[in-house]
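Enquirer: This is the structure, below, for whatever I ask next.
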Amino acid sequence: MTMLGTATTTATATVTVTRAGERTWTPVCAYTDLLPERGVCALVDGHQIAIFRLFDGALHAIGNRDPYSGAYVLSRGIVGTRRGEPTVASPMHKQVFSLVTGVCLDDPETAVPVYPIRLRDGVVEVAC
Amino acid sequence: MSADGKGGDRMRLVVVGHGPAAYRLIEKLGNLGFGGAITVLGEEPRPAYDRVALTSYLGGKSAEDLTYPVPEDVTLRLGDRVTAIDRDARVVRTASGHAEPYDVLVLATGSRPFVPPVPGHDLPGCHVYRTIEDLDGIRERAEAAAAAGSGAGVVIGGGLLGLEAADALRGLGLATHVIEVGDRLMPRQVDEGGGAVLRGHVEALGLTVHTGAGVERIEAGPDGSVARVVLPGGKVIDADLVVFSAGVRPRDELAREAGLPVGPRGGIVVDAGMRTADPAIYAIGECALAGGVVYGLVGPCFTQAEVAADRICGGTAEFTSADTSTKLKLLGVDVASFGDIDPEGALDVTFLDPIEGVYKKLFVSDDAQTLLGGICVGDAGPYDTLRPLVGRPLPGSPTELLFAGTGGIHVDLPDDAQVCSCNNVTAGRIRQAIADEGACDVASIKKCTRAGTTCGSCVPMFTRLLQQSGVEVGKAMCEHFAYSRAELFDIIRVRGITTFSQLIAEHGTGRGCDICKPAVASILASLGNGHILDGEQAALQDTNDHFLANLQKNGTYSVVPRIPGGEITPEKLIVIGEVARDFGLYTKITGGQRIDLFGARVEQLPKIWKRLVDAGFESGHAYGKALRTVKSCVGSTWCRYGVQDSVSMAIALELRYRGLRSPHKIKAAVSGCARECAEARGKDFGVIATEQGWNLYVGGNGGFKPRHADLLAADLSDEELVRTIDRFLMFYIRTADRLQRTSAWLESLDGGLDYLREVIMEDSLGICADLDAQMARHVAGYVDEWRATLEDPEKLRRFVSFVNAPDTPDPSIVFETERDQIKPVMIPLEMVR
């Protein structure tokens with residue numbers, strides 16, 4: 001694994017501590033390249049990032065790697081909701097991940113990374 | 001509230017101990033929206049875990065499996081024991097010298113196993129049974145003993161936990177003895193009669209029980225560790241290992257030293273709000289003395305945690321008393337007790353079957369009107385039904401009630417009857433979850449109410465409530481639709497619904513999921529709503545249908561062109577070979593008489609299919625819940641035994657039903673004679689040639705649960721055969737559950753094969769014209785999905801590796817070579833980030 005940022009980790013440090021000014025935003029595609037309720041994958045600085053556009057236009061970005069199978073496929077899962085929370089189901093073995101937190105709702109011990117994402121002048125940008 | 005720099009204006013809540021009670025407290029605080037800062041100081045090196053399931057650790061579960069979810073916004077300091085409370089300064093201090101200030105302190109220090117001070121109690125090889133570390137020690141010792149060829153263990157204490165420990169030792173391969181000072185096993189849960197039956201069960205398993213016996217001393221062998229246990233009177237038991245399970249003592253020393261009142265036999269004195277004599281300090285769980293009782297069961301401890309959480313948040317909850325009913329399976333024996341098992345002046349009714357080892361006893365009030373309690377050994381059937389009725393009028397004669405829950409009488413639970421005693425959930429709460437919160441299955445009831453999430457013994461009870469409330473358990477497809485697939489099919493068909501958005505807006509909730517979306521997509525496709533990647537339908541498809549290929553373990557796809565009936569020209573075989581060679585694909589002959597090409601990346605799929613379509617191939621729908629293949633033997637054209645042209649029939653059927661979307665995949669075969677070389681009776685529909693025509697078999701299956709197909713009709717003409725299959729398939733598509741193969745569908749069909757015959761051959765429902773018309777529409781509307789995709793730039797846009805680097809191959813996809821072909825290599829995460 002490539003270590004990013006500081007080498008200190010603590011048991012409770014799940015919070016991203018980047019400040020807005022430190023983020024590097026990378027444009028990845030036009031908003032219109034995205035289909036509602038479907039995902040695509042972007043390659044940003046060697047990271048595979050799954051990007052989803054929801055029916056209401058909301059954008060979400062999570063790591064593309066399915067932690068259960070090890071395959072880079074989450075962008076190809078089915079988008080949906082569980083108790084109102086937007087989700088994607090791994091196309092490999094159907095574990096459901098929150099698009100908001102990256103946590104696997106079937107197994108809260110497991111999570112995938114969540115990346116900041118925004119829309120600027122019709123262009124989708126992610127930070128990682 | 002503190003206003004100093006560190007804590008700011010937030011309340012600083014400090015919890016000492018991180019066991020199940022602390023876990024429940026923090027969870028409940030979260031539910032109540034507690035806004036303070038929570039710090040937990042734990043002595044054990046790991047966060048809270050499920051001690052009720054401790055023994056499963058020896059059965060192969062990992063510590064992680066048992067660990068409760070760790071809340072995110074809580075500071076955990078583990079492996080650092082709290083050594084003092086400074087009540088004046090409102091600070092706790094730890095062994096490492098850390099000082100943690102608090103506004104509110106919760107003591108959840110639990111208990112420690114009581115080890116009687118017999119000589120030798122501290123020898124190596126003497127253990128207690130409480131933590132994961134204890135179990136590690138026991139396992140290590142037991143394995144060493146087993147390796148040395150001996151292996152005997154003694155459990156001191158024949159109560160609930162003692163028998164659990166004995167079960168664990170037995171599981172580790174030790175000859176196991178149980179020593180109980182009382183006159184029977186589990187003296188707190190069963191009476192003498194029940195104890196005798198229980199003892200019979202335990203001894204039948206090869207354990208040795210010594211009741212009415214203390215321990216004189218434990219003696220060491222030459223290596224200085226445990227070698228034998230000596231009972232009063234001089235009886236000697238050779239033992240490599242001793243486990244003390246003689247009860248627990250509250251860990252109240254911190255409170256004691258801080259000057260808080262404790263009970264004469266231990267336990268921190270608390271009021272009904274779980275508050276100690278110091279209003280800033282609460283105590284919960286096994287260290288607390290509530291109403292003069294220290295509770296050791298998880299249910300009451302959870303309730304105490306909830307009461308304390310409510311009080312901390314300003315509520316007025318009270319802990320009064322708790323249900324200490326228990327039901328468990330120990331050493332394979334059901335043991336249960338509920339209510340008062342030693343009531344004064346009560347009547348009792350007893351059932352004893354010494355042959356089967358069943359003992360059941362109910363206590364009723366002396367006017368025979370009110371249920372007081374009961375004991376069950378060997379059959380806990382009455383427990384689920386009767387425990388919630390303790391203290392209420394008897395719902396039947398006591399003799400009948402002895403057989404409640406074992407096919408005997410049914411009892412309606414009143415709303416205030418407690419169903420889940422671990423989490424204090426009533427029947428009314430469960431009915432509310434069903435009626436108002438949309439709970440429609442076991443999982444959603446667990447989620448809504450927490451019932452059944454701790455010991456799980458109440459699951460059968462609330463499943464009955466689900467059934468009584470009219471919910472057909474398992475019928476609802478998912479949380480978004482309360483309908484079965486067959487009902488959704490009718491809604492969509494009858495109302496002419498053409499989009500998922502319309503369906504979910506009018507007949508569902510939320511935005512769908514990976515269960516309902518593909519099911520609805522399949523229904524829309526069965527009803528002929530155009531290409532599966534048109535418009536909104538594309539978003540409903542799972543990845544196989546979305547890319548018109550089969551996802552493999554490394555994220556690549558496989559490609560299967562249709563080879564109807566398994567008949568293929570040399571030219572087409574060569575094309576497949578060339579495509580596979582040019583794109584570096586792995587090739588394998590399938591069981592359905594076609595060729596599968598593996599290892600294609602998404603961006604390669606259109607290029608591969610362009611070549612295949614140009615050579616005259618079509619999609620094989622191997623990726624879809626659809627007709628796959630119609631396999632055939634070579635038939636009368638070549639075979640000297642064949643009586644009909646099975647290949648031509650197979651091709652005709654495959655071309656007729658190609659592209660037909662269904663609840664699950666459909667496989668078929670045609671054999672040219674009774675020798676059945678095409679293995680048609682293992683298929684969803686199988687056709688076997690006769691001298692007079694064709695026999696049609698339906699509902700066969702290979703796979704997980706093999707089933708031979710049943711003969712539906714014999715000696716059919718070509719035309720009759722096709723019409724019967726048309727109707728069979730369409731009736732299946734209309735009425736089957738999601739992912740239900742024809743074999744399971746046929747078995748679940750009320751009236752079975754006869755009913756199916758009546759519907760599709762005698763038109764008993766008057767729907768045959770409709771079924772025929774629907775199939776005619778399918779046949780007329782068929783287009784090759786891959787050809788249509790290649791012709792539509794919009795549909796092709798999805799076939800890129802990366803949206804911002806469409807031609808860059810996915811770097812995570814790597815192959816090695818085996819037997820001259822590629823084979824996927826899964827790269828560890830560390831290599832690729």
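Lettering and numbering for the structure tokens are positional, with chains as A, B, ... in the shown order, residues counted from 1 in each chain, and ligands counted from 1 in the shown order.
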Given only C-alpha atoms, how would the per-residue table for chain A near chain B read, listing every residue at most 8 Å away with its closest atom pair and distance in Å to one decimal, sorted by chain and number, as a tab-separated table?
Expert:
residue	atom	partner	partner_atom	distance
A:Met1	CA	B:Glu830	CA	3.9
A:Thr2	CA	B:Arg833	CA	6.2
A:Ala11	CA	B:Leu76	CA	7.9
A:Thr12	CA	B:Glu72	CA	6.7
A:Thr14	CA	B:Glu72	CA	7.7
A:Val28	CA	B:Asn804	CA	5.2
A:Cys29	CA	B:Asn804	CA	6.0
A:Leu35	CA	B:Ala539	CA	7.7
A:Pro36	CA	B:Ala539	CA	7.3
A:Glu37	CA	B:Ala539	CA	5.8
A:Arg38	CA	B:Ala539	CA	5.7
A:Val40	CA	B:Val803	CA	6.3
A:Cys41	CA	B:Phe802	CA	5.0
A:Ala42	CA	B:Phe802	CA	4.9
A:Leu43	CA	B:Phe802	CA	6.1
A:Gly46	CA	B:Arg833	CA	7.4
A:His47	CA	B:Arg833	CA	6.6
A:Ser69	CA	B:Lys553	CA	7.2
A:Gly70	CA	B:Met826	CA	7.1
A:Ala71	CA	B:Asn554	CA	5.2
A:Tyr72	CA	B:Gly555	CA	6.3
A:Val73	CA	B:Gly555	CA	6.0
A:Arg76	CA	B:Thr543	CA	5.8
A:Gly77	CA	B:Thr543	CA	6.4
A:Ile78	CA	B:Asp514	CA	5.3
A:Val79	CA	B:Cys513	CA	6.3
A:Gly80	CA	B:Cys513	CA	4.2
A:Thr81	CA	B:Arg511	CA	5.6
A:Arg82	CA	B:Cys513	CA	7.5
A:Arg83	CA	B:Gly510	CA	7.5
A:Gly84	CA	B:Gly510	CA	6.2
A:Thr87	CA	B:Cys513	CA	8.0
A:Val88	CA	B:Asp514	CA	7.9
A:Ala89	CA	B:Asp514	CA	6.2
A:Pro91	CA	B:Thr543	CA	6.1
A:Met92	CA	B:Lys553	CA	7.3
A:Lys94	CA	B:Asp514	CA	7.5
A:Pro108	CA	B:Pro69	CA	7.2
A:Glu109	CA	B:Pro69	CA	6.9
Enquirer: Can you list, as a PyMOL selection string, all residues belonging to chain A that DSSP tags as strand (DSSP E or B)?
Expert: chain A and resi 25-30+36+38-44+47-53+59-63+65+72+78-82+85-89+96-98+103-104+111+114+117-120+123-127
Enquirer: Extract, using only C-alpha atoms, all DNA, RNA and protein residues at most 9 Å from Arg741 (chain B), discarding same-chain residues fewer than 5 positions from it, and format them as a list in words.
Expert: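 The contact residues come out as Pro663, His664, Lys665, Ile666, Asp684, Gly699, Asn701, Ala736 and Leu746 of chain B.
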Enquirer: Any chance you could export the current selection's N, CA and C atoms as a PDB file, in the first residue's frame?
Expert:
ATOM      1  N   PRO B 663     -37.933 -15.544 -14.765  1.00  0.00           N
ATOM      2  CA  PRO B 663     -37.521 -15.361 -13.368  1.00  0.00           C
ATOM      3  C   PRO B 663     -36.117 -15.887 -13.098  1.00  0.00           C
ATOM      4  N   HIS B 664     -35.724 -16.902 -13.813  1.00  0.00           N
ATOM      5  CA  HIS B 664     -34.368 -17.433 -13.672  1.00  0.00           C
ATOM      6  C   HIS B 664     -33.965 -17.982 -15.041  1.00  0.00           C
ATOM      7  N   LYS B 665     -32.744 -18.507 -15.126  1.00  0.00           N
ATOM      8  CA  LYS B 665     -32.328 -19.038 -16.417  1.00  0.00           C
ATOM      9  C   LYS B 665     -33.168 -20.259 -16.784  1.00  0.00           C
ATOM     10  N   ILE B 666     -33.257 -20.503 -18.084  1.00  0.00           N
ATOM     11  CA  ILE B 666     -34.011 -21.657 -18.571  1.00  0.00           C
ATOM     12  C   ILE B 666     -33.073 -22.477 -19.448  1.00  0.00           C
ATOM     13  N   ASP B 684     -35.096 -27.609 -17.608  1.00  0.00           N
ATOM     14  CA  ASP B 684     -36.358 -26.945 -17.288  1.00  0.00           C
ATOM     15  C   ASP B 684     -37.472 -27.465 -18.182  1.00  0.00           C
ATOM     16  N   GLY B 699     -39.674 -29.117 -15.480  1.00  0.00           N
ATOM     17  CA  GLY B 699     -39.277 -28.941 -14.075  1.00  0.00           C
ATOM     18  C   GLY B 699     -38.046 -29.718 -13.669  1.00  0.00           C
ATOM     19  N   ASN B 701     -33.884 -30.236 -13.209  1.00  0.00           N
ATOM     20  CA  ASN B 701     -32.812 -29.342 -12.799  1.00  0.00           C
ATOM     21  C   ASN B 701     -31.560 -30.146 -12.501  1.00  0.00           C
ATOM     22  N   ALA B 736     -43.917 -17.347 -11.244  1.00  0.00           N
ATOM     23  CA  ALA B 736     -42.821 -17.809 -10.386  1.00  0.00           C
ATOM     24  C   ALA B 736     -42.293 -16.664  -9.540  1.00  0.00           C
ATOM     25  N   LEU B 746     -42.492 -25.588  -9.829  1.00  0.00           N
ATOM     26  CA  LEU B 746     -43.437 -26.693 -10.005  1.00  0.00           C
ATOM     27  C   LEU B 746     -43.747 -27.346  -8.665  1.00  0.00           C
TER      28      LEU B 746
END
Enquirer: DSSP on the backbone, helix (DSSP H, G or I) only: what residues of region 5-127 of chain A does that give? Format it as a VMD selection string.
Expert: chain A and resid 20 to 22 31 to 33 74 to 76
Enquirer: Would you save the residues of that selection, restricted to N, CA and C atoms, as a PDB file, in the first residue's frame?
Expert:
ATOM      1  N   ALA A  20     -10.333  22.251   3.302  1.00  0.00           N
ATOM      2  CA  ALA A  20     -10.786  22.536   1.943  1.00  0.00           C
ATOM      3  C   ALA A  20      -9.651  23.025   1.060  1.00  0.00           C
ATOM      4  N   GLY A  21      -8.801  23.889   1.613  1.00  0.00           N
ATOM      5  CA  GLY A  21      -7.734  24.487   0.830  1.00  0.00           C
ATOM      6  C   GLY A  21      -6.702  23.494   0.347  1.00  0.00           C
ATOM      7  N   GLU A  22      -6.587  22.347   1.031  1.00  0.00           N
ATOM      8  CA  GLU A  22      -5.535  21.397   0.686  1.00  0.00           C
ATOM      9  C   GLU A  22      -5.961  20.418  -0.390  1.00  0.00           C
ATOM     10  N   TYR A  31     -20.847  16.056 -16.557  1.00  0.00           N
ATOM     11  CA  TYR A  31     -22.000  15.541 -15.823  1.00  0.00           C
ATOM     12  C   TYR A  31     -22.878  14.701 -16.737  1.00  0.00           C
ATOM     13  N   THR A  32     -22.985  15.131 -17.976  1.00  0.00           N
ATOM     14  CA  THR A  32     -23.866  14.421 -18.917  1.00  0.00           C
ATOM     15  C   THR A  32     -23.286  13.084 -19.372  1.00  0.00           C
ATOM     16  N   ASP A  33     -22.013  12.814 -19.013  1.00  0.00           N
ATOM     17  CA  ASP A  33     -21.465  11.486 -19.291  1.00  0.00           C
ATOM     18  C   ASP A  33     -22.046  10.437 -18.340  1.00  0.00           C
ATOM     19  N   LEU A  74     -16.965  -2.039  -8.150  1.00  0.00           N
ATOM     20  CA  LEU A  74     -18.125  -1.437  -7.485  1.00  0.00           C
ATOM     21  C   LEU A  74     -18.864  -0.442  -8.377  1.00  0.00           C
ATOM     22  N   SER A  75     -18.149   0.197  -9.317  1.00  0.00           N
ATOM     23  CA  SER A  75     -18.817   1.159 -10.205  1.00  0.00           C
ATOM     24  C   SER A  75     -19.881   0.476 -11.060  1.00  0.00           C
ATOM     25  N   ARG A  76     -19.825  -0.843 -11.156  1.00  0.00           N
ATOM     26  CA  ARG A  76     -20.767  -1.553 -12.016  1.00  0.00           C
ATOM     27  C   ARG A  76     -21.916  -2.175 -11.230  1.00  0.00           C
TER      28      ARG A  76
END
Enquirer: Between B:Leu347, B:Ala22, B:Ile138, B:Ala650, single out the one closest to Val722 (chain B), counting only C-alpha atoms.
Expert: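 Nearest candidate to Val722 (chain B) out of B:Leu347, B:Ala22, B:Ile138, B:Ala650: B:Ala650.
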Enquirer: Just how far from CA of Pro264 (chain B) is CA of Glu164 (chain B), in Å to one decimal?
Expert: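 Distance between the two atoms: 29.1 Å.
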Enquirer: Find the residues around Ala196 (chain B) up to 12 Å (only C-alpha atoms counted), leave out those fewer than 2 positions away in its own chain, and share them as a PDB file with C-alpha atoms, in the first residue's frame.
Expert:
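The resulting file, around.pdb, is shown below:
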ATOM      1  CA  ASP B 183     -27.488 -31.610  44.779  1.00  0.00           C
ATOM      2  CA  ARG B 184     -28.191 -31.175  41.060  1.00  0.00           C
ATOM      3  CA  LEU B 185     -26.921 -29.506  37.886  1.00  0.00           C
ATOM      4  CA  MET B 186     -28.142 -25.975  37.153  1.00  0.00           C
ATOM      5  CA  PRO B 187     -29.717 -25.561  40.590  1.00  0.00           C
ATOM      6  CA  VAL B 190     -34.233 -26.437  37.372  1.00  0.00           C
ATOM      7  CA  ASP B 191     -35.668 -28.392  40.275  1.00  0.00           C
ATOM      8  CA  GLU B 192     -34.659 -31.822  41.451  1.00  0.00           C
ATOM      9  CA  GLY B 193     -36.692 -33.675  38.834  1.00  0.00           C
ATOM     10  CA  GLY B 194     -35.367 -31.535  36.012  1.00  0.00           C
ATOM     11  CA  LEU B 198     -30.534 -33.118  32.718  1.00  0.00           C
ATOM     12  CA  ARG B 199     -27.905 -35.255  34.408  1.00  0.00           C
ATOM     13  CA  GLY B 200     -29.049 -38.225  32.328  1.00  0.00           C
ATOM     14  CA  HIS B 201     -28.498 -36.247  29.138  1.00  0.00           C
ATOM     15  CA  VAL B 202     -25.106 -34.971  30.238  1.00  0.00           C
ATOM     16  CA  GLU B 203     -23.875 -38.393  31.277  1.00  0.00           C
ATOM     17  CA  VAL B 209     -21.049 -35.594  36.976  1.00  0.00           C
ATOM     18  CA  THR B 211     -23.033 -33.579  42.632  1.00  0.00           C
ATOM     19  CA  LEU B 352     -41.790 -36.788  32.730  1.00  0.00           C
ATOM     20  CA  ASP B 353     -40.627 -39.035  29.937  1.00  0.00           C
ATOM     21  CA  PRO B 354     -37.519 -40.779  31.240  1.00  0.00           C
ATOM     22  CA  GLY B 357     -35.304 -37.545  28.610  1.00  0.00           C
ATOM     23  CA  VAL B 358     -38.027 -34.905  28.707  1.00  0.00           C
ATOM     24  CA  TYR B 359     -39.101 -33.142  31.878  1.00  0.00           C
ATOM     25  CA  VAL B 377     -35.506 -30.015  30.123  1.00  0.00           C
ATOM     26  CA  GLY B 378     -35.137 -31.897  26.874  1.00  0.00           C
TER      27      GLY B 378
END
Enquirer: Which residues, written as a PDB file with C-alpha atoms, in the first residue's frame, have at least one atom at most 12 Å from Ala111 (chain A), with only C-alpha atoms counted and residues fewer than 5 positions away on the same chain left out?
Expert:
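Output file out-v3.pdb is given in full below:
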ATOM      1  CA  THR A  14     -11.718   7.518  10.429  1.00  0.00           C
ATOM      2  CA  ILE A  62     -16.259   5.677  -3.436  1.00  0.00           C
ATOM      3  CA  GLY A  63     -13.330   3.314  -3.979  1.00  0.00           C
ATOM      4  CA  ASN A  64     -13.920   0.977  -6.917  1.00  0.00           C
ATOM      5  CA  ARG A  65     -12.393  -2.057  -5.223  1.00  0.00           C
ATOM      6  CA  ASP A  66     -14.838  -4.551  -3.794  1.00  0.00           C
ATOM      7  CA  PRO A  67     -13.125  -5.504  -0.534  1.00  0.00           C
ATOM      8  CA  TYR A  68     -14.734  -8.953  -0.514  1.00  0.00           C
ATOM      9  CA  GLN A  95     -22.814  -6.870  -0.438  1.00  0.00           C
ATOM     10  CA  VAL A  96     -24.437  -3.440  -0.122  1.00  0.00           C
ATOM     11  CA  PHE A  97     -22.326  -0.361   0.584  1.00  0.00           C
ATOM     12  CA  SER A  98     -23.502   3.078   1.674  1.00  0.00           C
ATOM     13  CA  LEU A  99     -22.622   5.677  -0.938  1.00  0.00           C
ATOM     14  CA  VAL A 100     -22.497   8.268   1.849  1.00  0.00           C
ATOM     15  CA  THR A 101     -20.146   6.580   4.314  1.00  0.00           C
ATOM     16  CA  GLY A 102     -18.644   3.719   2.298  1.00  0.00           C
ATOM     17  CA  VAL A 103     -19.632   1.334   5.100  1.00  0.00           C
ATOM     18  CA  CYS A 104     -20.892  -2.099   4.087  1.00  0.00           C
ATOM     19  CA  LEU A 105     -24.424  -2.172   5.476  1.00  0.00           C
ATOM     20  CA  ASP A 106     -24.412  -5.963   5.568  1.00  0.00           C
TER      21      ASP A 106
END
Enquirer: Work out how far apart CA of Thr176 (chain B) and CA of Thr208 (chain B) are and give it in Å to one decimal.
Expert: 6.4 Å
Enquirer: Considering only C-alpha atoms, return as a PyMOL selection string whatever protein or nucleic-acid residues lie within 7 Å of Ser111 (chain B), sequence-local ones (same chain, fewer than 2 positions apart) excluded.
Expert: chain B and resi 109+113+248-251+286-287
Enquirer: Interatomic distance between CA of Ala368 (chain B) and CA of Asp348 (chain B)?
Expert: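 Atom-to-atom, CA of Ala368 (chain B) and CA of Asp348 (chain B) are spaced 9.2 Å apart.
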